[in-house]
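Heads up, my_file_2.txt below (compact mmCIF, C-alpha atoms):
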# COMPACT_ATOMS: atom_id res chain seq x y z
CA MET F 9 -103.32 30.27 25.92
CA THR F 10 -100.45 32.77 26.17
CA ALA F 11 -98.22 32.89 23.09
CA ILE F 12 -94.67 31.65 23.51
CA HIS F 13 -92.16 34.49 23.50
CA TRP F 14 -88.85 33.30 22.09
CA HIS F 15 -85.61 34.96 23.11
CA ILE F 16 -83.06 34.22 20.36
CA LEU F 17 -79.45 34.20 21.49
CA GLY F 18 -77.35 35.16 18.47
CA ALA F 19 -78.34 37.15 15.39
CA GLY F 20 -76.16 35.35 12.86
CA ALA F 21 -77.54 33.57 9.81
CA ILE F 22 -79.95 31.14 11.51
CA GLY F 23 -80.87 33.37 14.46
CA GLY F 24 -81.56 36.32 12.19
CA LEU F 25 -83.51 34.15 9.77
CA ILE F 26 -85.81 32.81 12.50
CA GLY F 27 -86.19 36.20 14.17
CA ALA F 28 -87.22 37.85 10.90
CA TYR F 29 -89.77 35.17 10.07
CA LEU F 30 -91.17 35.20 13.62
CA GLN F 31 -91.77 38.93 13.50
CA ARG F 32 -93.30 38.70 10.04
CA ALA F 33 -95.72 36.07 11.37
CA GLY F 34 -96.66 38.29 14.32
CA GLN F 35 -95.05 35.94 16.86
CA PRO F 36 -93.35 37.59 19.87
CA CYS F 37 -89.56 37.34 19.90
CA THR F 38 -86.51 39.24 21.16
CA LEU F 39 -82.94 39.03 19.86
CA LEU F 40 -80.21 38.78 22.52
CA LEU F 41 -77.04 40.44 21.24
CA ARG F 42 -73.55 40.25 22.67
CA ASP F 43 -72.94 43.86 23.78
CA GLN F 44 -74.16 47.45 23.63
CA PRO F 45 -72.16 48.46 20.50
CA THR F 46 -73.67 45.52 18.60
CA LEU F 47 -77.13 46.52 19.84
CA ALA F 48 -76.57 50.10 18.63
CA ARG F 49 -75.54 48.87 15.17
CA TYR F 50 -78.59 46.64 15.03
CA ARG F 51 -80.97 49.42 16.02
CA ALA F 52 -79.56 51.56 13.23
CA CYS F 53 -80.44 49.06 10.51
CA GLY F 54 -82.56 46.14 11.78
CA LEU F 55 -82.54 42.88 9.84
CA SER F 56 -82.56 42.47 6.07
CA LEU F 57 -83.69 39.07 4.82
CA GLU F 58 -82.86 38.24 1.23
CA THR F 59 -84.86 35.43 -0.37
CA GLN F 60 -85.39 34.16 -3.90
CA THR F 61 -88.43 36.43 -4.20
CA GLY F 62 -86.81 39.63 -2.93
CA THR F 63 -85.40 41.37 0.13
CA TRP F 64 -87.49 42.56 3.04
CA HIS F 65 -86.84 44.29 6.34
CA ALA F 66 -87.60 43.20 9.89
CA ALA F 67 -86.78 44.73 13.24
CA PRO F 68 -87.58 42.39 16.14
CA PRO F 69 -86.90 43.92 19.56
CA ALA F 70 -83.35 43.35 20.76
CA LEU F 71 -81.42 43.52 24.02
CA ALA F 72 -77.79 43.36 25.15
CA PRO F 73 -76.47 42.53 28.63
CA ASP F 74 -76.73 45.72 30.70
CA GLY F 75 -77.96 44.71 34.15
CA THR F 76 -81.64 44.47 33.20
CA ALA F 77 -83.31 41.10 33.65
CA PRO F 78 -86.02 40.17 31.15
CA ARG F 79 -87.86 36.98 32.09
CA ILE F 80 -86.78 34.27 29.65
CA ALA F 81 -89.00 31.19 29.58
CA HIS F 82 -88.06 30.00 26.06
CA LEU F 83 -84.50 30.44 24.82
CA LEU F 84 -83.35 29.55 21.30
CA VAL F 85 -79.55 29.39 21.10
CA THR F 86 -78.09 29.89 17.61
CA THR F 87 -74.60 31.08 18.50
CA LYS F 88 -71.70 29.03 17.19
CA ALA F 89 -70.79 26.12 19.42
CA GLN F 90 -67.48 27.60 20.60
CA HIS F 91 -69.20 30.76 21.87
CA THR F 92 -72.23 29.21 23.51
CA GLN F 93 -71.08 28.87 27.13
CA THR F 94 -69.94 32.49 27.30
CA ALA F 95 -73.05 33.76 25.54
CA VAL F 96 -75.44 31.80 27.78
CA ALA F 97 -73.60 32.98 30.92
CA ASP F 98 -74.55 36.60 30.11
CA TRP F 99 -78.26 35.74 30.48
CA LEU F 100 -78.34 33.11 33.23
CA HIS F 101 -79.82 35.57 35.74
CA CYS F 102 -82.81 36.04 33.39
CA LEU F 103 -83.78 32.39 32.96
CA ALA F 104 -87.12 31.42 34.48
CA PRO F 105 -87.36 28.20 36.54
CA GLY F 106 -87.90 25.28 34.18
CA VAL F 107 -86.84 27.35 31.16
CA THR F 108 -87.05 25.58 27.79
CA VAL F 109 -83.74 25.89 25.94
CA VAL F 110 -83.28 24.87 22.30
CA LEU F 111 -79.71 24.43 21.00
CA LEU F 112 -79.62 24.84 17.22
CA GLN F 113 -76.00 24.71 16.10
CA ASN F 114 -73.35 22.56 14.45
CA GLY F 115 -71.23 20.01 16.23
CA LEU F 116 -71.73 17.87 19.33
CA GLY F 117 -70.78 18.28 22.97
CA VAL F 118 -72.33 21.69 23.71
CA ALA F 119 -75.23 20.30 25.74
CA GLU F 120 -72.87 18.37 28.00
CA ARG F 121 -70.86 21.52 28.70
CA LEU F 122 -74.00 23.49 29.59
CA THR F 123 -75.33 20.98 32.12
CA SER F 124 -73.97 22.79 35.17
CA GLN F 125 -75.10 26.20 33.87
CA LEU F 126 -78.65 25.16 32.97
CA THR F 127 -79.71 23.35 36.12
CA GLY F 128 -83.43 22.65 35.95
CA ALA F 129 -83.76 23.65 32.29
CA ARG F 130 -85.71 21.55 29.78
CA LEU F 131 -83.19 21.09 27.01
CA LEU F 132 -84.02 20.48 23.35
CA LEU F 133 -81.58 19.89 20.52
CA GLY F 134 -82.17 20.89 16.93
CA THR F 135 -80.71 20.55 13.47
CA THR F 136 -81.52 22.27 10.20
CA THR F 137 -80.61 21.81 6.55
CA HIS F 138 -81.74 25.30 5.54
CA GLY F 139 -79.16 27.28 3.64
CA ALA F 140 -78.54 30.65 5.27
CA TRP F 141 -75.55 32.96 5.36
CA ARG F 142 -74.72 36.56 6.16
CA ARG F 143 -73.97 38.95 3.31
CA ALA F 144 -73.12 41.54 5.98
CA PRO F 145 -73.93 41.97 9.68
CA PHE F 146 -77.74 41.71 10.05
CA HIS F 147 -78.18 41.03 6.31
CA ILE F 148 -79.25 37.40 5.99
CA VAL F 149 -79.50 35.43 2.76
CA HIS F 150 -81.98 32.54 2.84
CA ALA F 151 -80.26 30.62 0.08
CA GLY F 152 -82.12 27.32 0.18
CA SER F 153 -85.01 25.59 1.88
CA GLY F 154 -84.55 22.44 3.92
CA GLU F 155 -85.89 20.74 7.03
CA THR F 156 -85.58 21.54 10.72
CA TRP F 157 -85.93 18.94 13.47
CA LEU F 158 -86.24 19.35 17.24
CA GLY F 159 -86.14 16.73 19.98
CA PRO F 160 -85.32 16.23 23.67
CA ALA F 161 -81.68 16.20 24.69
CA ASP F 162 -82.11 13.05 26.74
CA ALA F 163 -84.68 10.46 27.74
CA HIS F 164 -85.36 12.26 31.03
CA THR F 165 -86.68 15.37 29.25
CA VAL F 166 -90.28 14.60 28.33
CA PHE F 167 -92.73 16.77 26.40
CA ASP F 168 -96.31 15.59 26.03
CA ASP F 169 -98.27 15.97 22.79
CA THR F 170 -99.79 19.31 23.79
CA GLU F 171 -96.39 20.78 24.68
CA ARG F 172 -94.82 19.53 21.47
CA GLN F 173 -97.56 20.99 19.33
CA ARG F 174 -97.42 24.31 21.18
CA LEU F 175 -93.65 24.54 20.71
CA LEU F 176 -93.80 23.69 17.02
CA ALA F 177 -96.67 26.14 16.44
CA SER F 178 -94.76 28.96 18.16
CA LEU F 179 -91.98 28.87 15.54
CA PRO F 180 -92.30 29.62 11.80
CA ALA F 181 -93.05 25.94 11.19
CA ALA F 182 -94.09 26.22 7.55
CA VAL F 183 -90.99 28.22 6.59
CA LEU F 184 -88.61 26.04 8.57
CA ASN F 185 -90.37 22.79 7.53
CA LEU F 186 -90.32 21.97 11.23
CA HIS F 187 -90.69 18.47 12.71
CA TRP F 188 -90.28 16.64 16.03
CA ASP F 189 -88.05 13.60 16.61
CA ASP F 190 -87.76 11.88 19.99
CA ARG F 191 -84.49 10.33 18.75
CA ILE F 192 -82.94 13.59 17.61
CA ASP F 193 -79.51 12.24 18.62
CA GLN F 194 -79.41 10.07 15.49
CA ARG F 195 -80.09 13.02 13.18
CA LEU F 196 -77.51 15.13 15.00
CA TRP F 197 -74.95 12.36 14.79
CA ARG F 198 -75.46 11.94 11.03
CA LYS F 199 -75.05 15.66 10.41
CA PHE F 200 -72.05 15.66 12.75
CA ALA F 201 -70.45 12.80 10.81
CA ILE F 202 -70.89 14.57 7.46
CA ASN F 203 -69.64 17.88 8.86
CA CYS F 204 -66.58 16.18 10.38
CA VAL F 205 -65.48 15.28 6.86
CA ILE F 206 -66.48 18.31 4.79
CA ASN F 207 -65.70 21.18 7.15
CA PRO F 208 -62.18 20.40 8.38
CA LEU F 209 -61.09 18.90 5.05
CA THR F 210 -62.16 21.95 3.01
CA ALA F 211 -60.63 24.23 5.66
CA THR F 212 -57.31 22.37 5.42
CA LEU F 213 -57.28 22.19 1.63
CA ARG F 214 -58.64 25.77 1.33
CA CYS F 215 -61.18 24.62 -1.25
CA ARG F 216 -64.88 24.82 -2.00
CA ASN F 217 -67.01 21.82 -1.18
CA GLY F 218 -67.20 20.56 -4.77
CA GLU F 219 -63.42 20.40 -5.06
CA LEU F 220 -63.42 17.49 -2.61
CA ARG F 221 -64.24 15.35 -5.66
CA ARG F 222 -60.50 15.56 -6.37
CA HIS F 223 -59.75 13.83 -3.04
CA PRO F 224 -61.89 10.67 -2.90
CA GLU F 225 -59.30 8.71 -0.91
CA LYS F 226 -59.21 11.31 1.86
CA VAL F 227 -63.01 11.41 2.03
CA ALA F 228 -63.21 7.62 2.14
CA GLN F 229 -60.67 7.31 4.96
CA LEU F 230 -62.27 10.04 7.06
CA GLY F 231 -65.67 8.44 6.57
CA ALA F 232 -64.42 4.99 7.51
CA GLU F 233 -62.88 6.30 10.74
CA ILE F 234 -66.13 8.04 11.71
CA CYS F 235 -68.08 4.84 11.06
CA ALA F 236 -65.74 2.95 13.38
CA VAL F 237 -66.31 5.48 16.16
CA ALA F 238 -70.08 5.48 15.58
CA GLU F 239 -70.18 1.69 15.83
CA ALA F 240 -68.24 1.83 19.08
CA VAL F 241 -70.59 4.38 20.71
CA GLY F 242 -73.87 2.82 19.57
CA GLN F 243 -74.64 5.17 16.66
CA HIS F 244 -74.27 2.67 13.82
CA SER F 245 -77.65 3.55 12.28
CA ALA F 246 -76.61 7.22 12.04
CA VAL F 247 -73.76 6.38 9.67
CA HIS F 248 -75.59 3.99 7.33
CA ALA F 249 -74.30 4.60 3.78
CA LEU F 250 -72.32 7.55 5.15
CA GLU F 251 -69.92 8.00 2.24
CA HIS F 252 -72.83 8.19 -0.22
CA ALA F 253 -74.47 10.84 1.99
CA ILE F 254 -71.24 12.84 2.14
CA TRP F 255 -70.97 12.94 -1.65
CA GLN F 256 -74.61 13.97 -1.93
CA VAL F 257 -73.92 16.99 0.29
CA VAL F 258 -70.68 17.77 -1.54
CA ASP F 259 -72.46 17.82 -4.90
CA ALA F 260 -75.50 19.75 -3.62
CA THR F 261 -73.25 22.44 -2.09
CA ALA F 262 -70.42 22.30 -4.62
CA ALA F 263 -70.03 26.07 -4.94
CA ASN F 264 -70.14 26.70 -1.18
CA ARG F 265 -67.26 27.51 1.12
CA SER F 266 -67.80 25.63 4.37
CA SER F 267 -68.33 27.63 7.54
CA MET F 268 -65.00 26.36 8.92
CA LEU F 269 -63.14 27.44 5.79
CA GLN F 270 -64.75 30.88 6.04
CA ASP F 271 -63.77 31.18 9.71
CA VAL F 272 -60.19 30.05 9.12
CA SER F 273 -59.83 32.44 6.17
CA ALA F 274 -61.13 35.33 8.29
CA GLY F 275 -58.93 34.48 11.29
CA ARG F 276 -61.94 33.62 13.47
CA SER F 277 -62.29 30.78 15.95
CA THR F 278 -63.90 27.66 14.51
CA GLU F 279 -66.16 24.82 15.60
CA LEU F 280 -63.21 22.39 15.45
CA GLU F 281 -63.47 21.34 19.11
CA PHE F 282 -67.16 20.44 18.64
CA MET F 283 -66.51 18.52 15.42
CA THR F 284 -63.09 16.86 15.06
CA GLY F 285 -62.15 17.47 18.70
CA HIS F 286 -65.34 15.85 19.97
CA LEU F 287 -64.92 12.93 17.57
CA LEU F 288 -61.38 12.31 18.74
CA ARG F 289 -62.42 12.39 22.39
CA LEU F 290 -65.10 9.78 21.68
CA ALA F 291 -62.56 7.73 19.73
CA ALA F 292 -60.06 7.82 22.59
CA GLN F 293 -62.71 6.67 25.08
CA ALA F 294 -63.70 3.82 22.75
CA GLY F 295 -60.13 2.83 21.85
CA VAL F 296 -60.61 3.62 18.14
CA HIS F 297 -57.63 4.90 16.13
CA CYS F 298 -58.40 7.88 13.82
CA PRO F 299 -55.14 8.94 12.15
CA ALA F 300 -56.76 10.96 9.34
CA HIS F 301 -58.94 12.99 11.71
CA SER F 302 -55.99 13.44 14.08
CA ALA F 303 -53.96 14.90 11.22
CA LEU F 304 -56.74 17.35 10.36
CA TYR F 305 -57.02 18.35 14.01
CA ARG F 306 -53.29 19.04 14.27
CA ALA F 307 -53.35 21.05 11.04
CA LEU F 308 -56.26 23.24 12.12
CA ARG F 309 -55.71 23.53 15.88
CA PRO F 310 -53.27 26.50 15.62
CA ALA F 311 -55.88 28.37 13.53
CA THR F 312 -58.60 28.20 16.18
CA GLY F 313 -57.83 31.15 18.40
CA ALA F 314 -60.36 32.83 20.66
CA GLY F 315 -61.89 34.90 17.87
CA THR F 316 -65.08 36.87 18.37
CA ARG F 317 -68.59 35.66 18.87
CA CYS F 318 -71.66 36.67 16.93
Since I need it in another form, could you write the structure as structure tokens?
Amino acid sequence: MTAIHWHILGAGAIGGLIGAYLQRAGQPCTLLLRDQPTLARYRACGLSLETQTGTWHAAPPALAPDGTAPRIAHLLVTTKAQHTQTAVADWLHCLAPGVTVVLLQNGLGVAERLTSQLTGARLLLGTTTHGAWRRAPFHIVHAGSGETWLGPADAHTVFDDTERQRLLASLPAAVLNLHWDDRIDQRLWRKFAINCVINPLTATLRCRNGELRRHPEKVAQLGAEICAVAEAVGQHSAVHALEHAIWQVVDATAANRSSMLQDVSAGRSTELEFMTGHLLRLAAQAGVHCPAHSALYRALRPATGAGTRC
């Protein structure tokens, strides 16, 4: 059986992490970068992956949009949510019929926006709790192990047992602690709910995650509003004991600066529209009032300019 060749769109923390581990395992992969200058910088240094046991180098093949058309049968998208539509558009002419596309990013609502672009694609959604961040461009720090889950984007996308096992085996499953979940929407919704509290609140307060312990009332109100929306859209199980889960993440990542805080501080665009924005759109459709989330959205909306994509 032919090995699956993954094309990884985005060489940020998660994309670089997976690309490095794939090459180390001898699995075929290609990084898809945003432009020729980025490709030139990458070719000059490759990837550095820093782990608890040391730093090692990897240099998976890489491409940038230039008119060539590699055949892409398996696409792993790790760009930030706000950049995904533009990034995918650069490679649409390369996608094979029936391409398998995995979206592995924060927030909700990206898949719905890609529907018209990815006609005929088999779409998978993913979520990971691995800790990874960039010390510098193409220098990835694998700061903490976690779990990674994949599953179909909707009930109409079906993978049989053989296909599931082949997909899981084609990725660095042991490193990623990789699993399959046919109800991936519940896992995504729970992560979304937690992120909708921690990310915009730390970005507004300009504080590290652990400092949210000083603002229990804000956390409680934001959590209660999310639970009301979840109940209204049929995701009540995803928010079971949500406030307890939020505090667990806050304490486990106390020294961290959330990705949204980092983006706001650096003047980059954020995932606000795919976190708070998406939540408020769901709330409006369901007739649920979310004053605390609305206030966060208004506070952060001016800081979410176009920015640059990874």
Please, which residues are within 9 Å of (-64.5, 27.0, 21.4) by the file's coordinates, counting all atoms listed in the file, and could they come as a PyMOL selection string? chain F and resi 88-93+277-282+312-314
Find the spatial neighbours of segment 118-130 of chain F, counting all atoms listed in the file, within a cut-off of 6 Å - ignore same-chain residues fewer than 3 positions away - and output them as an mmCIF file with C-alpha atoms, in the frame of the given file.
data_model
loop_
_atom_site.group_PDB
_atom_site.id
_atom_site.type_symbol
_atom_site.label_atom_id
_atom_site.label_comp_id
_atom_site.auth_asym_id
_atom_site.auth_seq_id
_atom_site.Cartn_x
_atom_site.Cartn_y
_atom_site.Cartn_z
ATOM 1 C CA GLY F 106 -87.900 25.280 34.180
ATOM 2 C CA VAL F 107 -86.840 27.350 31.160
ATOM 3 C CA THR F 108 -87.050 25.580 27.790
#
Using all atoms listed in the file, pick whichever of F:Leu131, F:Leu100, F:Leu184, F:Leu47 has the shortest atom-to-atom distance to Leu25 of chain F.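 Closest to Leu25 of chain F, using all atoms listed in the file: F:Leu184.
For the pair atom CA of Leu30 of chain F and atom CA of Leu179 of chain F, the separation is 6.7 Å.
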Contact check, segment 154-197 of chain F to segment 135-139 of chain F, at most 6 Å, counting only C-alpha atoms, closest pairs as CSV:
residue,atom,partner,partner_atom,distance
F:Gly154,CA,F:His138,CA,4.3
F:Glu155,CA,F:Thr137,CA,5.4
F:Thr156,CA,F:Thr136,CA,4.2
F:Trp157,CA,F:Thr135,CA,5.5
May I have the selected residues written with C-alpha atoms, as a compact mmCIF listing (two decimals), in the coordinates of the input?
# COMPACT_ATOMS: atom_id res chain seq x y z
CA GLY F 154 -84.55 22.44 3.92
CA GLU F 155 -85.89 20.74 7.03
CA THR F 156 -85.58 21.54 10.72
CA TRP F 157 -85.93 18.94 13.47
Find the residues near Gly159 of chain F: any atom within 9 Å, counting only C-alpha atoms, skip ones fewer than 4 places away on the same chain, and give them as number ranges by chain. F: 110, 131-134, 187-193
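Coordinates place atom CA of His147 of chain F at a distance of 15.4 Å from atom CA of Thr61 of chain F.
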Just to confirm, what's the straight-line distance from atom CA of Arg174 of chain F to atom CA of Tyr29 of chain F in Å (one decimal)?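 It comes out at 17.3 Å.
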Any idea what's packed within 10 Å of Thr86 of chain F, counting only C-alpha atoms, ignoring anything in its chain fewer than 3 positions away? Could you give it as a list in words?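 Residues meeting the cut-off are Ile16, Leu17, Gly18, Ala19, Gly20, Ala21, Ile22, Gly23, Gly24, Ile26, Leu83, Ala89, His91, Thr92, Val110, Leu111, Leu112, Gln113, Asn114, Gly134 and Cys318 of chain F.
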File of the preceding selection, C-alpha atoms, as a PDB file, in the coordinates of the input:
ATOM      1  CA  ILE F  16     -83.060  34.220  20.360  1.00  0.00           C
ATOM      2  CA  LEU F  17     -79.450  34.200  21.490  1.00  0.00           C
ATOM      3  CA  GLY F  18     -77.350  35.160  18.470  1.00  0.00           C
ATOM      4  CA  ALA F  19     -78.340  37.150  15.390  1.00  0.00           C
ATOM      5  CA  GLY F  20     -76.160  35.350  12.860  1.00  0.00           C
ATOM      6  CA  ALA F  21     -77.540  33.570   9.810  1.00  0.00           C
ATOM      7  CA  ILE F  22     -79.950  31.140  11.510  1.00  0.00           C
ATOM      8  CA  GLY F  23     -80.870  33.370  14.460  1.00  0.00           C
ATOM      9  CA  GLY F  24     -81.560  36.320  12.190  1.00  0.00           C
ATOM     10  CA  ILE F  26     -85.810  32.810  12.500  1.00  0.00           C
ATOM     11  CA  LEU F  83     -84.500  30.440  24.820  1.00  0.00           C
ATOM     12  CA  ALA F  89     -70.790  26.120  19.420  1.00  0.00           C
ATOM     13  CA  HIS F  91     -69.200  30.760  21.870  1.00  0.00           C
ATOM     14  CA  THR F  92     -72.230  29.210  23.510  1.00  0.00           C
ATOM     15  CA  VAL F 110     -83.280  24.870  22.300  1.00  0.00           C
ATOM     16  CA  LEU F 111     -79.710  24.430  21.000  1.00  0.00           C
ATOM     17  CA  LEU F 112     -79.620  24.840  17.220  1.00  0.00           C
ATOM     18  CA  GLN F 113     -76.000  24.710  16.100  1.00  0.00           C
ATOM     19  CA  ASN F 114     -73.350  22.560  14.450  1.00  0.00           C
ATOM     20  CA  GLY F 134     -82.170  20.890  16.930  1.00  0.00           C
ATOM     21  CA  CYS F 318     -71.660  36.670  16.930  1.00  0.00           C
TER      22      CYS F 318
END
